[in-house]
Each structure stands twice: as structure tokens, then as C-alpha cells.
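Input: a single structure, listed below in C-alpha cells.
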Amino acid sequence: MTVETQIDHTAEITALLEAHNAKEVLRLLGDLHAADIVRVLTSIEDDQAIELFKYLSPVPAAEVLLETDERLRAILISSISSAELIRVVEEMETDDATDIIAELPLKSAKEVLAGIKEKDSVALKKLLVYPEDTAGGKMQAELLAVHQSATVQEAIEEIRRKGRDIENLSSVFVVDSGGRLAGAVPLNKLIIAGPDVRIKDIVVPDTIKVQTDLDQEEVAKIFQKYDLLSLPVVDSAGVLVGRITVDDVVDVIEEEIFEDFYKMAGLNLEARVMDPARRSIRLRLPWLLINLATAFLAASVVHIFQGTIQKFVILAVLMPVIAGMGGNAATQTLTVVVRGLALGELSMHNARWVIFKEALVGLSNGLMVGIVATIVAYLLGANIMIGLLLFLGMTANLVIAGLAGTFIPIILKRLKIDPAISATVFVTTCTDVGGFFSFLGLATVFVRAGIL
């Protein structure tokens, strides 16, 4: 199969579908990678996507289903019969098949489990009990395990029997008589050892492992930290129940990254670029209404100082500058802090230092940006006192930005709430309210003191 990632075949395939040219559609699909087919499917109308999907044989159909988003996957699955779905599921690894079956209606899931091989059905039923976002939910049942008393020759024979059905094979897991994980033997070490050497003599006993209930994000961190290709998964008793491979973790990392981006933008995680307008409105409107409430909170602060603004209209001109710079500075701080929390670099032990550092950064940047803003305002005709107000307000708001961008995600993390959701709602509100209050509040003080 030729991979053509730089060529968009959407127009060509659409024309072939409209012409009902099945032969050319099949020829073109045979030359495309599953990822390229998904790209086409997400770019055409749903009815055409259904028609195109039916041209696929079980193997590419399985790959395509795993690459598509949940909305399109549900549409494609509902367009084929249970018998066809069973053939597609049989081409998947157990972890992938579990994800697909978990999304099916109960009746359809039972039909698929009853239709596949009994051995695979038993394995899938065991995996389905684990939450999707845990190590148990991400693991696959396909693995190579040998008893610690086996010889190297026996282990190699086991690889020959099962190895063809197992992808990303880098090591053989070793278990004791109770099925508990005793370690692992890398393939290169196994090949070098003599055929009569016992596995227990070459096993790496301190193999990194995870339990089934560990969160998928923590699993991804372990893969990143130790540069692993696969990771054994054990239950609470230490019994080996599956393994997680690096390709599954890449998906987890991508999922977590986009999840944080969506939350920081105030978007529903189910929103997609090809969604119908009505669905996009339904998913985005709630967050916009929440933002509207916080905007009125900021507006209420402005209302308090309405008299001061009426005396000096230029303050209304400069207010967006204060708020905008505070929002930008807060986003910078927030992005760094959320990333630090996600990677485990920032914890409650070093939080105090990070808060102090970000406040200092805010103060320093505020002083320098405030000086530049003051000069620009003066050149545009503002008097020196207005410039001083702008300088003080800018400095104060950038300090607020540093503190809010650090404090809020740390507090949310402490409360076991995803810190990524703090971006557009809490932090921006703090910089808007804080910026307006400090700038207009100082202006009111200047007016009453006769300085302005």
C-alpha cells in the first residue's frame, strides 16, 4: 500500500462515487493509507462517507474506524450489518476492539461478542470492565509470557507460536506459578543467551509495571520518562493481565493535548470542525453564556467608576489596553503552569516558589511594558499624569495576571478539577476585573487628590 499523505483525493473520489465507478474507487482505495481514507471521509457528506466505507474490506475498514472521530464512527458502524461489523472487529487488536464495542448499544455489543471467536470474546469481556481512561482500559490482552522456570529455547518456541499475532513485540514477560509478573526479558537478551539457560537467570526483575486502575495520563508520563515500547499491566494481586504499547500511548498523549486545548478555549470535547452548524451552536453556546456572565462582572467594575470616566474620556480609550495586556500575560503564565502540572514538574512542594517567580515576572514585565505604553500614550497626546496612571495600572494588572495564572490552576488541581478549564473563565475574569479596578481606582484617587 502506497502512502500518499500530501495528496488530497477528496475531489477525485467524490467524482467517482457520483459516477458510480466502483472499479476505480476500489483501485484508488487500494493505494491509500487508512489515514488518507479518513481524511476523505471527514471531508465529504455523511451519505457519501457511508457509500465509500462499504467499499472497504475488513482490514482497512478496521483501521479506518479506529482513526475516525466518535460521531463519524457511529454513523459508519450503524450503516453496516452485525455480520459485517463482526468481521471488522475480528481484525482489531483486543484493546481497539474493546474501544469500539464499548461505544455500541448494548444489543449490538452482545451480538458482536457472540459472533466473534470464543477466546477473543472472553478476552474482550475482561477488558470491558475497566474504565476507558485507565491502564486497564488501554491495555491489550495480546502478550507473550513464559514461566520463570522455562528455558530460553522454550521461550523462543513460544515466540514462534504467538509472535505473528502480536505487534510491537520488544520483550517477553516472565511470570511465576500464580501468574504474577516476575519481570521481563528483552528480545535481544533472549537471542544472545544459550538455549538451555533458564529464564529466571536472565530475567530483569525490576521491570516497570502499572496497575489496571492507573489513570491513562499517568501511564503516558511513565512511557515518556522511561522511553518504553511496551508496559506490563497487573491487577491488585500483581497478576499479569495485559500490556500497553507505545502506539496506544501516542493516542493518549494526543487526546490529552487536544482535551486541554479545548478546555482552555471553552469548547466541548465533542466539537469537531465538520459538525453541522446546529450541533456547533449547541456545544459552544453554554460556554459563551458563562463568559457573558463574567463579562458583566467586569462591566460592573467599570460602572462603579463611571463618574471618573465621564470626566476623562481618554480612560475609556486606554482601558482595553490594560485588560488586553493582562489577558495575554495571564495566558502565557497559565499555559506554562498547566503544562508543568500535566508533566508533574509543578507540585504542591514547589508551588510557593513558582507563585513568587511568576509574580516577579509579572512585575518586571509590567514595569517594562508600562514604560513603553506610557511613552506611546504621551506621544498620542495624553498628559503625563494619564501616562503615570497607565504605567501603574499596567504594572498592577501584569502582577495580577502572574498570580491568577498560577494560583487558579494550582487550586483547581488541588480540588481534583482539571486545571485547563481555568483559562477563559476564571483567569481572564481576574485580569479584566483586576485591571479595570486598579486603573480606574487609581484614577479616582488621583482625581480626589487633585493630581488629575
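Naming scheme: A, B, ... for chains in displayed order of the C-alpha cells; residues 1 onward per chain; ligands 1 onward as shown.
Within range 107-230 of chain A, residues classed as strand (DSSP E or B) by DSSP on backbone coordinates are Thr134, Gln140, Ala145, Val146, His147, Thr151, Ser171, Val172, Phe173, Val174, Val175, Arg180, Leu181, Ala182, Gly183, Ala184, Val185, Pro186, Arg198, Val204, Val210, Gln211, Asp215 and Ser230 of chain A.
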Given the selection you just returned, output its residues as a file containing N, CA and C atoms, formatted as an mmCIF file, in the first residue's frame.
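Wrote again_39.cif, looks like this:
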```
data_model
loop_
_atom_site.group_PDB
_atom_site.id
_atom_site.type_symbol
_atom_site.label_atom_id
_atom_site.label_comp_id
_atom_site.auth_asym_id
_atom_site.auth_seq_id
_atom_site.Cartn_x
_atom_site.Cartn_y
_atom_site.Cartn_z
ATOM 1 N N THR A 134 -8.262 4.458 31.933
ATOM 2 C CA THR A 134 -7.300 3.851 32.859
ATOM 3 C C THR A 134 -6.370 2.913 32.102
ATOM 4 N N GLN A 140 -4.056 -4.210 26.078
ATOM 5 C CA GLN A 140 -4.492 -5.278 25.195
ATOM 6 C C GLN A 140 -4.131 -6.618 25.803
ATOM 7 N N ALA A 145 4.093 -14.294 27.456
ATOM 8 C CA ALA A 145 4.514 -14.533 28.833
ATOM 9 C C ALA A 145 4.970 -15.976 28.974
ATOM 10 N N VAL A 146 6.085 -16.188 29.658
ATOM 11 C CA VAL A 146 6.604 -17.533 29.905
ATOM 12 C C VAL A 146 6.870 -17.701 31.398
ATOM 13 N N HIS A 147 6.853 -18.934 31.849
ATOM 14 C CA HIS A 147 7.145 -19.211 33.255
ATOM 15 C C HIS A 147 8.632 -19.019 33.513
ATOM 16 N N THR A 151 13.123 -22.599 29.728
ATOM 17 C CA THR A 151 14.441 -22.349 29.136
ATOM 18 C C THR A 151 14.316 -21.315 28.034
ATOM 19 N N SER A 171 9.784 -7.485 24.140
ATOM 20 C CA SER A 171 10.254 -8.266 25.279
ATOM 21 C C SER A 171 9.243 -9.357 25.610
ATOM 22 N N VAL A 172 9.721 -10.335 26.362
ATOM 23 C CA VAL A 172 8.868 -11.428 26.825
ATOM 24 C C VAL A 172 8.677 -11.254 28.328
ATOM 25 N N PHE A 173 7.430 -11.258 28.771
ATOM 26 C CA PHE A 173 7.155 -11.122 30.197
ATOM 27 C C PHE A 173 7.323 -12.467 30.891
ATOM 28 N N VAL A 174 7.754 -12.394 32.134
ATOM 29 C CA VAL A 174 8.029 -13.608 32.914
ATOM 30 C C VAL A 174 7.081 -13.641 34.106
ATOM 31 N N VAL A 175 6.464 -14.789 34.324
ATOM 32 C CA VAL A 175 5.503 -14.942 35.427
ATOM 33 C C VAL A 175 5.877 -16.141 36.297
ATOM 34 N N ARG A 180 1.759 -14.189 38.538
ATOM 35 C CA ARG A 180 2.231 -12.854 38.935
ATOM 36 C C ARG A 180 3.486 -12.485 38.145
ATOM 37 N N LEU A 181 3.560 -11.205 37.793
ATOM 38 C CA LEU A 181 4.687 -10.730 36.995
ATOM 39 C C LEU A 181 5.982 -10.816 37.792
ATOM 40 N N ALA A 182 6.967 -11.496 37.219
ATOM 41 C CA ALA A 182 8.262 -11.642 37.875
ATOM 42 C C ALA A 182 9.341 -10.818 37.191
ATOM 43 N N GLY A 183 9.013 -10.241 36.051
ATOM 44 C CA GLY A 183 9.985 -9.437 35.319
ATOM 45 C C GLY A 183 9.785 -9.577 33.827
ATOM 46 N N ALA A 184 10.825 -9.234 33.080
ATOM 47 C CA ALA A 184 10.760 -9.319 31.624
ATOM 48 C C ALA A 184 12.147 -9.606 31.080
ATOM 49 N N VAL A 185 12.169 -10.155 29.874
ATOM 50 C CA VAL A 185 13.431 -10.421 29.188
ATOM 51 C C VAL A 185 13.374 -9.744 27.824
ATOM 52 N N PRO A 186 14.243 -8.760 27.552
ATOM 53 C CA PRO A 186 14.278 -8.129 26.235
ATOM 54 C C PRO A 186 14.631 -9.158 25.161
ATOM 55 N N ARG A 198 18.116 -20.925 31.853
ATOM 56 C CA ARG A 198 16.793 -20.720 32.432
ATOM 57 C C ARG A 198 16.421 -19.235 32.377
ATOM 58 N N VAL A 204 14.948 -9.625 33.929
ATOM 59 C CA VAL A 204 15.129 -8.312 34.559
ATOM 60 C C VAL A 204 14.001 -8.171 35.576
ATOM 61 N N VAL A 210 2.466 -1.175 35.715
ATOM 62 C CA VAL A 210 1.393 -0.326 36.236
ATOM 63 C C VAL A 210 0.204 -1.200 36.588
ATOM 64 N N GLN A 211 -0.632 -0.692 37.491
ATOM 65 C CA GLN A 211 -1.853 -1.418 37.838
ATOM 66 C C GLN A 211 -3.001 -0.958 36.943
ATOM 67 N N ASP A 215 -4.518 6.070 36.026
ATOM 68 C CA ASP A 215 -5.048 6.966 35.007
ATOM 69 C C ASP A 215 -4.167 6.959 33.757
ATOM 70 N N SER A 230 6.723 -0.925 25.402
ATOM 71 C CA SER A 230 5.533 -1.589 25.946
ATOM 72 C C SER A 230 5.642 -1.626 27.466
#
```
Range 329-335 of chain A surroundings by only C-alpha atoms, 6 Å radius, close-in-sequence under 4 positions cut, as a VMD selection string: chain A and resid 401 to 402 405
Distance query range 37-53 of chain A at most 6 Å, only C-alpha atoms, self and fewer than 3 positions along chain excluded, as an MDAnalysis selection string: chainID A and resid 10 34 56 76
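Using only C-alpha atoms, the protein and nucleic acid residues lying no more than 8 Å from Ser438 in chain A, apart from those fewer than 3 places from it along its own chain, are A:Gly393, A:Ala396, A:Asn397, A:Gly434, A:Gly435, A:Gly441, A:Leu442.
Proximity to Leu343 in chain A was assessed for A:Ser280, A:Thr374, A:Gln224, A:Thr406 counting only C-alpha atoms; the smallest distance is recorded for A:Gln224.
One finds CA of Glu63 in chain A at 18.3 Å from CA of Asp120 in chain A.
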